[in-house]
file input-v2.pdb (PDB, C-alpha atoms)
ATOM      1  CA  MET A 213      27.777   3.190  -4.575
ATOM      2  CA  SER A 214      26.051   4.548  -1.498
ATOM      3  CA  TYR A 215      23.665   7.259  -0.449
ATOM      4  CA  ARG A 216      21.816   8.620   2.555
ATOM      5  CA  LEU A 217      18.928  10.938   1.763
ATOM      6  CA  GLN A 218      16.591  12.455   4.341
ATOM      7  CA  GLY A 219      13.789  14.873   3.565
ATOM      8  CA  SER A 220      10.186  15.336   2.530
ATOM      9  CA  LEU A 221       7.905  14.176  -0.280
ATOM     10  CA  LEU A 222       5.065  16.070  -1.966
ATOM     11  CA  GLU A 223       2.892  14.108  -4.395
ATOM     12  CA  VAL A 224      -0.358  14.831  -6.240
ATOM     13  CA  CYS A 225      -2.305  12.909  -8.856
ATOM     14  CA  THR A 226      -5.570  12.606 -10.759
ATOM     15  CA  CYS A 227      -7.003   9.841  -8.574
ATOM     16  CA  LYS A 228      -9.609  10.377  -5.929
ATOM     17  CA  ILE A 229      -8.747  10.218  -2.229
ATOM     18  CA  LEU A 230      -7.100   7.866  -1.317
ATOM     19  CA  CYS A 231      -5.226   7.050  -4.530
ATOM     20  CA  PRO A 232      -5.852   3.314  -5.132
ATOM     21  CA  CYS A 233      -2.358   2.912  -6.595
ATOM     22  CA  TRP A 234      -0.968   2.867  -3.054
ATOM     23  CA  VAL A 235      -2.908  -0.295  -2.213
ATOM     24  CA  GLY A 236      -2.249  -1.971  -5.556
ATOM     25  CA  GLU A 237      -5.627  -1.298  -7.172
ATOM     26  CA  ASP A 238      -6.227   0.209 -10.601
ATOM     27  CA  PRO A 239      -6.360   4.026 -10.830
ATOM     28  CA  ASP A 240      -9.754   5.674 -10.562
ATOM     29  CA  PHE A 241      -9.817   6.933 -14.158
ATOM     30  CA  VAL A 242      -8.063   4.258 -16.275
ATOM     31  CA  ASP A 243      -4.687   5.966 -15.922
ATOM     32  CA  CYS A 244      -2.966   8.127 -13.297
ATOM     33  CA  LYS A 245      -1.239  11.427 -14.013
ATOM     34  CA  SER A 246       1.003  12.675 -11.246
ATOM     35  CA  ALA A 247       3.620  15.138 -10.093
ATOM     36  CA  MET A 248       5.911  14.176  -7.237
ATOM     37  CA  ALA A 249       9.000  15.672  -5.670
ATOM     38  CA  TRP A 250      11.565  14.755  -3.051
ATOM     39  CA  ASN A 251      13.378  17.542  -1.191
ATOM     40  CA  PHE A 252      16.623  16.587   0.521
ATOM     41  CA  GLN A 253      16.982  18.363   3.844
ATOM     42  CA  HIS A 254      20.117  16.292   4.424
ATOM     43  CA  GLY A 255      21.842  14.039   1.980
ATOM     44  CA  THR A 256      24.997  12.629   0.464
ATOM     45  CA  ILE A 257      25.431  10.469  -2.634
ATOM     46  CA  ASP A 258      28.843   8.821  -2.957
ATOM     47  CA  GLY A 259      30.231  11.646  -0.841
ATOM     48  CA  VAL A 260      28.492  14.431  -2.816
ATOM     49  CA  ASP A 261      26.469  16.761  -0.576
ATOM     50  CA  VAL A 262      22.958  17.313  -2.006
ATOM     51  CA  ARG A 263      21.271  18.981   0.941
ATOM     52  CA  GLY A 264      18.666  21.594   0.074
ATOM     53  CA  LEU A 265      18.091  20.245  -3.443
ATOM     54  CA  THR A 266      14.936  18.783  -4.974
ATOM     55  CA  ILE A 267      14.151  16.263  -7.693
ATOM     56  CA  ALA A 268      10.686  16.152  -9.268
ATOM     57  CA  LEU A 269       8.929  13.854 -11.712
ATOM     58  CA  ALA A 270       5.984  14.395 -14.023
ATOM     59  CA  VAL A 271       4.480  10.938 -14.422
ATOM     60  CA  PHE A 272       1.989   9.141 -16.655
ATOM     61  CA  ILE A 273       0.967   5.715 -15.313
ATOM     62  CA  PRO A 274      -1.046   3.874 -18.002
ATOM     63  CA  GLY A 275      -2.781   1.372 -15.720
ATOM     64  CA  ASN A 276      -2.115  -0.491 -12.505
ATOM     65  CA  VAL A 277       0.894   1.097 -10.823
ATOM     66  CA  LEU A 278       2.534  -2.264 -10.157
ATOM     67  CA  ASP A 279       2.526  -3.155 -13.861
ATOM     68  CA  GLY A 280       5.097  -0.441 -14.497
ATOM     69  CA  ASN A 281       5.565   1.097 -17.951
ATOM     70  CA  TRP A 282       5.478   4.583 -16.439
ATOM     71  CA  ARG A 283       6.413   7.476 -18.718
ATOM     72  CA  VAL A 284       8.354  10.118 -16.821
ATOM     73  CA  THR A 285       9.953  13.489 -17.294
ATOM     74  CA  MET A 286      12.619  14.152 -14.665
ATOM     75  CA  PHE A 287      13.333  17.611 -13.286
ATOM     76  CA  ILE A 288      16.428  18.398 -11.218
ATOM     77  CA  ASP A 289      16.783  21.558  -9.166
ATOM     78  CA  GLU A 290      18.449  24.321 -11.196
ATOM     79  CA  ASN A 291      20.533  25.165  -8.104
ATOM     80  CA  ALA A 292      22.373  21.847  -8.371
ATOM     81  CA  THR A 293      25.922  21.826  -9.683
ATOM     82  CA  ASP A 294      26.735  19.444 -12.524
ATOM     83  CA  GLU A 295      28.242  17.033  -9.985
ATOM     84  CA  GLN A 296      25.185  17.186  -7.733
ATOM     85  CA  ALA A 297      22.779  16.793 -10.654
ATOM     86  CA  ALA A 298      24.655  13.744 -11.929
ATOM     87  CA  ALA A 299      24.616  12.180  -8.465
ATOM     88  CA  ILE A 300      20.874  12.738  -8.032
ATOM     89  CA  GLN A 301      20.130  11.435 -11.509
ATOM     90  CA  GLY A 302      22.221   8.370 -10.727
ATOM     91  CA  VAL A 303      20.041   7.553  -7.726
ATOM     92  CA  TYR A 304      16.735   8.199  -9.498
ATOM     93  CA  SER A 305      17.747   6.237 -12.582
ATOM     94  CA  GLY A 306      18.179   3.224 -10.303
ATOM     95  CA  ALA A 307      21.867   2.943 -11.160
ATOM     96  CA  LYS A 308      22.938   3.315  -7.529
ATOM     97  CA  GLY A 309      20.581   0.621  -6.214
ATOM     98  CA  GLY A 310      18.821   0.642  -2.871
ATOM     99  CA  PRO A 311      15.239   1.617  -2.037
ATOM    100  CA  VAL A 312      14.984   4.228  -4.791
ATOM    101  CA  LYS A 313      15.826   1.576  -7.395
ATOM    102  CA  GLU A 314      12.859  -0.455  -6.134
ATOM    103  CA  LEU A 315      10.614   2.487  -7.003
ATOM    104  CA  VAL A 316      12.081   3.633 -10.320
ATOM    105  CA  GLN A 317      12.240   0.123 -11.763
ATOM    106  CA  LEU A 318       8.556   0.737 -12.568
ATOM    107  CA  VAL A 319       9.593   3.443 -15.059
ATOM    108  CA  GLY A 320       9.508   2.328 -18.680
ATOM    109  CA  GLU A 321      10.584   5.570 -20.355
ATOM    110  CA  VAL A 322      12.233   8.804 -19.262
ATOM    111  CA  THR A 323      11.324  11.395 -21.899
ATOM    112  CA  SER A 324      13.992  13.859 -20.759
ATOM    113  CA  VAL A 325      15.983  15.139 -17.794
ATOM    114  CA  GLU A 326      15.750  18.897 -17.296
ATOM    115  CA  ARG A 327      17.324  21.434 -14.937
ATOM    116  CA  VAL A 328      14.565  23.821 -13.812
ATOM    117  CA  PRO A 329      13.492  26.010 -10.882
ATOM    118  CA  ILE A 330      11.553  23.993  -8.306
ATOM    119  CA  LEU A 331       9.605  25.469  -5.403
ATOM    120  CA  PHE A 332       9.117  22.950  -2.587
ATOM    121  CA  LYS A 333       7.540  24.274   0.578
ATOM    122  CA  VAL A 334       5.917  22.614   3.586
ATOM    123  CA  ASN A 335       4.637  24.682   6.502
ATOM    124  CA  GLU A 336       2.554  23.230   9.342
ATOM    125  CA  GLY A 337       1.301  20.407   7.157
ATOM    126  CA  LYS A 338       0.448  22.562   4.146
ATOM    127  CA  GLY A 339       2.544  22.122   1.042
ATOM    128  CA  ILE A 340       3.210  23.953  -2.210
ATOM    129  CA  LEU A 341       4.979  22.386  -5.167
ATOM    130  CA  LYS A 342       5.887  24.277  -8.339
ATOM    131  CA  VAL A 343       8.036  22.746 -11.048
ATOM    132  CA  ALA A 344       8.942  25.405 -13.621
ATOM    133  CA  ASP A 345       5.822  26.006 -15.750
ATOM    134  CA  VAL A 346       5.011  22.294 -15.835
ATOM    135  CA  ALA A 347       3.337  21.543 -12.506
ATOM    136  CA  TYR A 348       1.762  23.410  -9.616
ATOM    137  CA  ALA A 349      -0.028  22.073  -6.544
ATOM    138  CA  GLU A 350      -1.339  23.215  -3.196
ATOM    139  CA  LEU A 351      -1.958  20.437  -0.697
ATOM    140  CA  GLU A 352      -2.618  19.649   2.934
ATOM    141  CA  PRO A 353      -3.096  16.450   4.917
ATOM    142  CA  TYR A 354      -6.216  15.146   6.566
ATOM    143  CA  ARG A 355      -6.170  15.123  10.341
ATOM    144  CA  SER A 356      -7.784  13.157  13.148
ATOM    145  CA  ALA A 357     -10.260  14.637  15.621
ATOM    146  CA  THR A 358      -7.299  15.442  17.860
ATOM    147  CA  GLY A 359      -5.307  17.115  15.076
ATOM    148  CA  GLU A 360      -2.908  14.289  14.280
ATOM    149  CA  VAL A 361      -2.031  13.786  10.629
ATOM    150  CA  THR A 362      -3.833  10.855   8.993
ATOM    151  CA  THR A 363      -1.241   8.272   7.953
ATOM    152  CA  LEU A 364      -1.027   5.257   5.675
ATOM    153  CA  SER A 365       1.519   2.566   6.511
ATOM    154  CA  ASN A 366       2.540  -0.835   5.146
ATOM    155  CA  SER A 367       1.008  -0.248   1.701
ATOM    156  CA  ILE A 368       2.004  -2.461  -1.217
ATOM    157  CA  PHE A 369       3.203   0.560  -3.198
ATOM    158  CA  SER A 370       4.983   3.675  -1.979
ATOM    159  CA  THR A 371       6.981   6.575  -3.382
ATOM    160  CA  VAL A 372       8.735   6.731   0.002
ATOM    161  CA  PRO A 373       9.721   3.080   0.644
ATOM    162  CA  GLY A 374       9.870   2.366   4.360
ATOM    163  CA  ALA A 375       8.149   5.572   5.489
ATOM    164  CA  PRO A 376       4.527   6.332   6.432
ATOM    165  CA  ALA A 377       2.494   8.474   4.021
ATOM    166  CA  TYR A 378       0.320  11.393   5.108
ATOM    167  CA  VAL A 379      -2.991  11.241   3.254
ATOM    168  CA  GLY A 380      -4.309  14.557   1.975
ATOM    169  CA  LYS A 381      -6.120  16.623  -0.619
ATOM    170  CA  ALA A 382      -4.812  18.990  -3.285
ATOM    171  CA  SER A 383      -6.926  22.117  -3.444
ATOM    172  CA  LYS A 384      -5.177  22.900  -6.742
ATOM    173  CA  PHE A 385      -3.240  20.744  -9.200
ATOM    174  CA  THR A 386      -2.118  21.687 -12.683
ATOM    175  CA  LEU A 387       0.144  19.640 -14.923
ATOM    176  CA  LYS A 388       1.022  20.510 -18.502
ATOM    177  CA  SER A 389       3.464  18.295 -20.376
ATOM    178  CA  GLU A 390       3.725  17.845 -24.123
ATOM    179  CA  PRO A 391       6.028  14.792 -23.877
ATOM    180  CA  LEU A 392       3.480  13.037 -21.661
ATOM    181  CA  ASN A 393       0.471  14.414 -23.578
ATOM    182  CA  VAL A 394      -1.001  15.758 -20.338
ATOM    183  CA  ASP A 395      -2.833  19.042 -19.737
ATOM    184  CA  ILE A 396      -4.913  19.110 -16.551
ATOM    185  CA  ASP A 397      -6.244  21.687 -14.099
ATOM    186  CA  ILE A 398      -8.190  20.099 -11.239
ATOM    187  CA  GLU A 399      -9.194  20.656  -7.620
ATOM    188  CA  GLY A 400      -9.876  18.381  -4.671
ATOM    189  CA  PHE A 401      -8.027  15.253  -5.753
ATOM    190  CA  ASN A 402      -5.464  13.018  -4.048
ATOM    191  CA  SER A 403      -2.280  14.227  -2.413
ATOM    192  CA  ILE A 404       0.397  12.545  -0.337
ATOM    193  CA  GLN A 405       3.062  14.010   1.910
ATOM    194  CA  SER A 406       5.785  12.189   3.787
ATOM    195  CA  ASP A 407       9.106  12.411   5.574
ATOM    196  CA  PHE A 408      11.606   9.848   4.354
ATOM    197  CA  LEU A 409      15.032   8.392   4.994
ATOM    198  CA  PHE A 410      16.606   6.462   2.116
ATOM    199  CA  GLU A 411      19.841   4.639   2.948
ATOM    200  CA  HIS A 412      21.935   2.347   0.808
ATOM    201  CA  THR A 413      25.478   1.102   1.218
ATOM    202  CA  GLY A 414      27.212  -1.191  -1.216
ATOM    203  CA  CYS A 415      26.290  -2.633  -4.581
ATOM    204  CA  ASP A 416      23.138  -4.416  -5.699
ATOM    205  CA  SER A 417      23.513  -7.658  -7.542
TER     206      SER A 417
END

call {"tool": "encode", "arguments": {"input": "input-v2.pdb", "output": "structure tokens"}}
result
Amino acid sequence: MSYRLQGSLLEVCTCKILCPCWVGEDPDFVDCKSAMAWNFQHGTIDGVDVRGLTIALAVFIPGNVLDGNWRVTMFIDENATDEQAAAIQGVYSGAKGGPVKELVQLVGEVTSVERVPILFKVNEGKGILKVADVAYAELEPYRSATGEVTTLSNSIFSTVPGAPAYVGKASKFTLKSEPLNVDIDIEGFNSIQSDFLFEHTGCDS
């Protein structure tokens, strides 16, 4: 079981800026409700080409992120073939090990896995994420006085293990999910962008 996935992350949540989950603190408002998506600009999973595809999660985190027990609905790009969708789901279920397993082991329940249209767009640091009629976000990173993107590195938690995160703000974030009992429409809360490379060769014990 092996994979090599390279691409970009877009993530938004109901915490203030910066989301305390990333440094292992409790969320700002008891729990954290989030939408996150990984777009594969290049990628293979056990020889299956998944370039150009996206996987997204709607997430309810009941307390401290490191305590786990996340409730998640998984969304796989409707453009994926059955083979591609199965390969992606295998990685994000943790079954194929590696750095993604380290992240998804915090998930306690997956309410469903759905094939839906996903819009994932990043242009000059500004991002747009739309997952069917479930989630929508507009986000952009903070920048230094010289225009460099503000980054967070070496945090105790990350949705892009091994990669720096670009700290930002979501000017718009909506998330409506009956399985997660979430219905929000907010502005000016936390966002994260990143570029990642996930590699894994061989089997985990």

call {"tool": "residues_around", "arguments": {"input": "input-v2.pdb", "residues": "range 348-363 of chain A", "least_positions_apart": "5", "cutoff": "6 Å", "atoms": "only C-alpha atoms", "output": "count of residues only"}}
result
16

call {"tool": "closest_residue", "arguments": {"input": "input-v2.pdb", "among": "A:Thr226, A:Asn276, A:Ser214, A:Ser367", "to": "Ser403 in chain A", "atoms": "all atoms listed in the file"}}
result
A:Thr226

call {"tool": "closest_residue", "arguments": {"input": "input-v2.pdb", "among": "A:Leu217, A:Met286, A:Val394, A:Cys225", "to": "Val312 in chain A", "atoms": "only C-alpha atoms"}}
result
A:Leu217

call {"tool": "residues_near_point", "arguments": {"input": "input-v2.pdb", "point": "(-1.3, -3.4, -2.4)", "cutoff": "7 Å", "atoms": "all atoms listed in the file", "output": "list in words"}}
result
Trp234, Val235, Gly236, Glu237, Ser367, Ile368 and Phe369 of chain A

call {"tool": "resolve_selection", "arguments": {"input": "input-v2.pdb", "expression": "the PyMOL selection byres ((chain A and resi 300) around 12)", "output": "MDAnalysis selection string"}}
result
chainID A and resid 214:217 250:252 255:263 265:268 286:289 292:299 301:308 312 325 327

call {"tool": "write_last_selection", "arguments": {"input": "input-v2.pdb", "atoms": "C-alpha atoms", "output": "PDB file, keeping the file's coordinate frame"}}
result
ATOM      1  CA  SER A 214      26.051   4.548  -1.498  1.00  0.00           C
ATOM      2  CA  TYR A 215      23.665   7.259  -0.449  1.00  0.00           C
ATOM      3  CA  ARG A 216      21.816   8.620   2.555  1.00  0.00           C
ATOM      4  CA  LEU A 217      18.928  10.938   1.763  1.00  0.00           C
ATOM      5  CA  TRP A 250      11.565  14.755  -3.051  1.00  0.00           C
ATOM      6  CA  ASN A 251      13.378  17.542  -1.191  1.00  0.00           C
ATOM      7  CA  PHE A 252      16.623  16.587   0.521  1.00  0.00           C
ATOM      8  CA  GLY A 255      21.842  14.039   1.980  1.00  0.00           C
ATOM      9  CA  THR A 256      24.997  12.629   0.464  1.00  0.00           C
ATOM     10  CA  ILE A 257      25.431  10.469  -2.634  1.00  0.00           C
ATOM     11  CA  ASP A 258      28.843   8.821  -2.957  1.00  0.00           C
ATOM     12  CA  GLY A 259      30.231  11.646  -0.841  1.00  0.00           C
ATOM     13  CA  VAL A 260      28.492  14.431  -2.816  1.00  0.00           C
ATOM     14  CA  ASP A 261      26.469  16.761  -0.576  1.00  0.00           C
ATOM     15  CA  VAL A 262      22.958  17.313  -2.006  1.00  0.00           C
ATOM     16  CA  ARG A 263      21.271  18.981   0.941  1.00  0.00           C
ATOM     17  CA  LEU A 265      18.091  20.245  -3.443  1.00  0.00           C
ATOM     18  CA  THR A 266      14.936  18.783  -4.974  1.00  0.00           C
ATOM     19  CA  ILE A 267      14.151  16.263  -7.693  1.00  0.00           C
ATOM     20  CA  ALA A 268      10.686  16.152  -9.268  1.00  0.00           C
ATOM     21  CA  MET A 286      12.619  14.152 -14.665  1.00  0.00           C
ATOM     22  CA  PHE A 287      13.333  17.611 -13.286  1.00  0.00           C
ATOM     23  CA  ILE A 288      16.428  18.398 -11.218  1.00  0.00           C
ATOM     24  CA  ASP A 289      16.783  21.558  -9.166  1.00  0.00           C
ATOM     25  CA  ALA A 292      22.373  21.847  -8.371  1.00  0.00           C
ATOM     26  CA  THR A 293      25.922  21.826  -9.683  1.00  0.00           C
ATOM     27  CA  ASP A 294      26.735  19.444 -12.524  1.00  0.00           C
ATOM     28  CA  GLU A 295      28.242  17.033  -9.985  1.00  0.00           C
ATOM     29  CA  GLN A 296      25.185  17.186  -7.733  1.00  0.00           C
ATOM     30  CA  ALA A 297      22.779  16.793 -10.654  1.00  0.00           C
ATOM     31  CA  ALA A 298      24.655  13.744 -11.929  1.00  0.00           C
ATOM     32  CA  ALA A 299      24.616  12.180  -8.465  1.00  0.00           C
ATOM     33  CA  GLN A 301      20.130  11.435 -11.509  1.00  0.00           C
ATOM     34  CA  GLY A 302      22.221   8.370 -10.727  1.00  0.00           C
ATOM     35  CA  VAL A 303      20.041   7.553  -7.726  1.00  0.00           C
ATOM     36  CA  TYR A 304      16.735   8.199  -9.498  1.00  0.00           C
ATOM     37  CA  SER A 305      17.747   6.237 -12.582  1.00  0.00           C
ATOM     38  CA  GLY A 306      18.179   3.224 -10.303  1.00  0.00           C
ATOM     39  CA  ALA A 307      21.867   2.943 -11.160  1.00  0.00           C
ATOM     40  CA  LYS A 308      22.938   3.315  -7.529  1.00  0.00           C
ATOM     41  CA  VAL A 312      14.984   4.228  -4.791  1.00  0.00           C
ATOM     42  CA  VAL A 325      15.983  15.139 -17.794  1.00  0.00           C
ATOM     43  CA  ARG A 327      17.324  21.434 -14.937  1.00  0.00           C
TER      44      ARG A 327
END

call {"tool": "axis_aligned_box", "arguments": {"input": "input-v2.pdb", "around": "range 406-411 of chain A", "padding_each_side": "5 Å", "output": "lines of an AutoDock Vina configuration file"}}
result
center_x = 12.8
center_y = 8.5
center_z = 3.8
size_x = 24.1
size_y = 17.8
size_z = 13.5

call {"tool": "atom_distance", "arguments": {"input": "input-v2.pdb", "atom1": "CA of Leu331 in chain A", "atom2": "CA of Met213 in chain A"}}
result
28.8 Å

call {"tool": "resolve_selection", "arguments": {"input": "input-v2.pdb", "expression": "the PyMOL selection byres ((chain A and resi 244) around 10)", "output": "list in words"}}
result
Cys225, Thr226, Cys227, Cys231, Pro232, Cys233, Asp238, Pro239, Asp240, Phe241, Val242, Asp243, Lys245, Ser246, Val271, Phe272, Ile273, Pro274, Gly275, Asn276, Val277 and Trp282 of chain A

call {"tool": "atom_distance", "arguments": {"input": "input-v2.pdb", "atom1": "CA of Ala375 in chain A", "atom2": "CA of Ile404 in chain A"}}
result
11.9 Å

call {"tool": "closest_residue", "arguments": {"input": "input-v2.pdb", "among": "A:Val319, A:Ile396, A:Ala270, A:Leu222", "to": "Phe408 in chain A", "atoms": "only C-alpha atoms"}}
result
A:Leu222

call {"tool": "residues_around", "arguments": {"input": "input-v2.pdb", "residues": "Val343 in chain A", "least_positions_apart": "6", "cutoff": "9 Å", "atoms": "only C-alpha atoms", "output": "ChimeraX atom specification"}}
result
/A:247,249,268-269,287,328-332

call {"tool": "closest_residue", "arguments": {"input": "input-v2.pdb", "among": "A:Val372, A:Val224, A:Met248, A:Val346", "to": "Lys313 in chain A", "atoms": "only C-alpha atoms"}}
result
A:Val372

call {"tool": "resolve_selection", "arguments": {"input": "input-v2.pdb", "expression": "the PyMOL selection byres ((chain A and resi 281) around 7)", "output": "list in words"}}
result
Asp279, Gly280, Trp282, Arg283, Leu318, Val319 and Gly320 of chain A

call {"tool": "atom_distance", "arguments": {"input": "input-v2.pdb", "atom1": "CA of Lys228 in chain A", "atom2": "CA of Leu315 in chain A"}}
result
21.7 Å

call {"tool": "closest_residue", "arguments": {"input": "input-v2.pdb", "among": "A:Leu221, A:Leu392, A:Leu230, A:Val322", "to": "Gln405 in chain A", "atoms": "all atoms listed in the file"}}
result
A:Leu221

call {"tool": "closest_residue", "arguments": {"input": "input-v2.pdb", "among": "A:Asp345, A:Pro373, A:Thr285, A:Gly414", "to": "Pro311 in chain A", "atoms": "all atoms listed in the file"}}
result
A:Pro373

call {"tool": "build_atoms", "arguments": {"input": "input-v2.pdb", "residues": "range 219-244 of chain A", "atoms": "N, CA and C atoms", "output": "PDB file, keeping the file's coordinate frame"}}
result
ATOM      1  N   GLY A 219      14.532  13.677   3.942  1.00  0.00           N
ATOM      2  CA  GLY A 219      13.789  14.873   3.565  1.00  0.00           C
ATOM      3  C   GLY A 219      12.304  14.644   3.529  1.00  0.00           C
ATOM      4  N   SER A 220      11.637  15.354   2.615  1.00  0.00           N
ATOM      5  CA  SER A 220      10.186  15.336   2.530  1.00  0.00           C
ATOM      6  C   SER A 220       9.729  15.070   1.100  1.00  0.00           C
ATOM      7  N   LEU A 221       8.550  14.454   0.995  1.00  0.00           N
ATOM      8  CA  LEU A 221       7.905  14.176  -0.280  1.00  0.00           C
ATOM      9  C   LEU A 221       6.630  15.003  -0.403  1.00  0.00           C
ATOM     10  N   LEU A 222       6.371  15.532  -1.597  1.00  0.00           N
ATOM     11  CA  LEU A 222       5.065  16.070  -1.966  1.00  0.00           C
ATOM     12  C   LEU A 222       4.632  15.354  -3.238  1.00  0.00           C
ATOM     13  N   GLU A 223       3.382  14.877  -3.251  1.00  0.00           N
ATOM     14  CA  GLU A 223       2.892  14.108  -4.395  1.00  0.00           C
ATOM     15  C   GLU A 223       1.417  14.415  -4.623  1.00  0.00           C
ATOM     16  N   VAL A 224       1.040  14.604  -5.870  1.00  0.00           N
ATOM     17  CA  VAL A 224      -0.358  14.831  -6.240  1.00  0.00           C
ATOM     18  C   VAL A 224      -0.667  14.008  -7.481  1.00  0.00           C
ATOM     19  N   CYS A 225      -1.942  13.674  -7.664  1.00  0.00           N
ATOM     20  CA  CYS A 225      -2.305  12.909  -8.856  1.00  0.00           C
ATOM     21  C   CYS A 225      -3.772  13.105  -9.186  1.00  0.00           C
ATOM     22  N   THR A 226      -4.211  12.454 -10.263  1.00  0.00           N
ATOM     23  CA  THR A 226      -5.570  12.606 -10.759  1.00  0.00           C
ATOM     24  C   THR A 226      -6.533  11.581 -10.191  1.00  0.00           C
ATOM     25  N   CYS A 227      -6.099  10.787  -9.225  1.00  0.00           N
ATOM     26  CA  CYS A 227      -7.003   9.841  -8.574  1.00  0.00           C
ATOM     27  C   CYS A 227      -7.771  10.535  -7.455  1.00  0.00           C
ATOM     28  N   LYS A 228      -8.855   9.886  -7.069  1.00  0.00           N
ATOM     29  CA  LYS A 228      -9.609  10.377  -5.929  1.00  0.00           C
ATOM     30  C   LYS A 228      -8.824  10.072  -4.666  1.00  0.00           C
ATOM     31  N   ILE A 229      -9.404  10.441  -3.519  1.00  0.00           N
ATOM     32  CA  ILE A 229      -8.747  10.218  -2.229  1.00  0.00           C
ATOM     33  C   ILE A 229      -9.323   8.943  -1.613  1.00  0.00           C
ATOM     34  N   LEU A 230      -8.536   8.043  -1.190  1.00  0.00           N
ATOM     35  CA  LEU A 230      -7.100   7.866  -1.317  1.00  0.00           C
ATOM     36  C   LEU A 230      -6.776   7.243  -2.666  1.00  0.00           C
ATOM     37  N   CYS A 231      -5.645   7.626  -3.260  1.00  0.00           N
ATOM     38  CA  CYS A 231      -5.226   7.050  -4.530  1.00  0.00           C
ATOM     39  C   CYS A 231      -5.125   5.527  -4.411  1.00  0.00           C
ATOM     40  N   PRO A 232      -5.876   4.777  -5.241  1.00  0.00           N
ATOM     41  CA  PRO A 232      -5.852   3.314  -5.132  1.00  0.00           C
ATOM     42  C   PRO A 232      -4.524   2.694  -5.521  1.00  0.00           C
ATOM     43  N   CYS A 233      -3.665   3.448  -6.230  1.00  0.00           N
ATOM     44  CA  CYS A 233      -2.358   2.912  -6.595  1.00  0.00           C
ATOM     45  C   CYS A 233      -1.589   2.449  -5.352  1.00  0.00           C
ATOM     46  N   TRP A 234      -1.742   3.168  -4.252  1.00  0.00           N
ATOM     47  CA  TRP A 234      -0.968   2.867  -3.054  1.00  0.00           C
ATOM     48  C   TRP A 234      -1.319   1.514  -2.440  1.00  0.00           C
ATOM     49  N   VAL A 235      -2.516   1.022  -2.735  1.00  0.00           N
ATOM     50  CA  VAL A 235      -2.908  -0.295  -2.213  1.00  0.00           C
ATOM     51  C   VAL A 235      -2.993  -1.328  -3.329  1.00  0.00           C
ATOM     52  N   GLY A 236      -2.385  -1.000  -4.486  1.00  0.00           N
ATOM     53  CA  GLY A 236      -2.249  -1.971  -5.556  1.00  0.00           C
ATOM     54  C   GLY A 236      -3.458  -2.123  -6.460  1.00  0.00           C
ATOM     55  N   GLU A 237      -4.443  -1.237  -6.316  1.00  0.00           N
ATOM     56  CA  GLU A 237      -5.627  -1.298  -7.172  1.00  0.00           C
ATOM     57  C   GLU A 237      -5.434  -0.413  -8.405  1.00  0.00           C
ATOM     58  N   ASP A 238      -6.301  -0.607  -9.395  1.00  0.00           N
ATOM     59  CA  ASP A 238      -6.227   0.209 -10.601  1.00  0.00           C
ATOM     60  C   ASP A 238      -6.579   1.662 -10.293  1.00  0.00           C
ATOM     61  N   PRO A 239      -6.028   2.620 -11.054  1.00  0.00           N
ATOM     62  CA  PRO A 239      -6.360   4.026 -10.830  1.00  0.00           C
ATOM     63  C   PRO A 239      -7.845   4.286 -11.064  1.00  0.00           C
ATOM     64  N   ASP A 240      -8.329   5.361 -10.496  1.00  0.00           N
ATOM     65  CA  ASP A 240      -9.754   5.674 -10.562  1.00  0.00           C
ATOM     66  C   ASP A 240     -10.242   5.944 -11.976  1.00  0.00           C
ATOM     67  N   PHE A 241      -9.378   6.508 -12.831  1.00  0.00           N
ATOM     68  CA  PHE A 241      -9.817   6.933 -14.158  1.00  0.00           C
ATOM     69  C   PHE A 241      -8.938   6.338 -15.254  1.00  0.00           C
ATOM     70  N   VAL A 242      -8.805   5.019 -15.268  1.00  0.00           N
ATOM     71  CA  VAL A 242      -8.063   4.258 -16.275  1.00  0.00           C
ATOM     72  C   VAL A 242      -6.549   4.440 -16.136  1.00  0.00           C
ATOM     73  N   ASP A 243      -6.102   5.703 -16.113  1.00  0.00           N
ATOM     74  CA  ASP A 243      -4.687   5.966 -15.922  1.00  0.00           C
ATOM     75  C   ASP A 243      -4.513   6.942 -14.761  1.00  0.00           C
ATOM     76  N   CYS A 244      -3.272   7.201 -14.387  1.00  0.00           N
ATOM     77  CA  CYS A 244      -2.966   8.127 -13.297  1.00  0.00           C
ATOM     78  C   CYS A 244      -1.901   9.100 -13.780  1.00  0.00           C
TER      79      CYS A 244
END
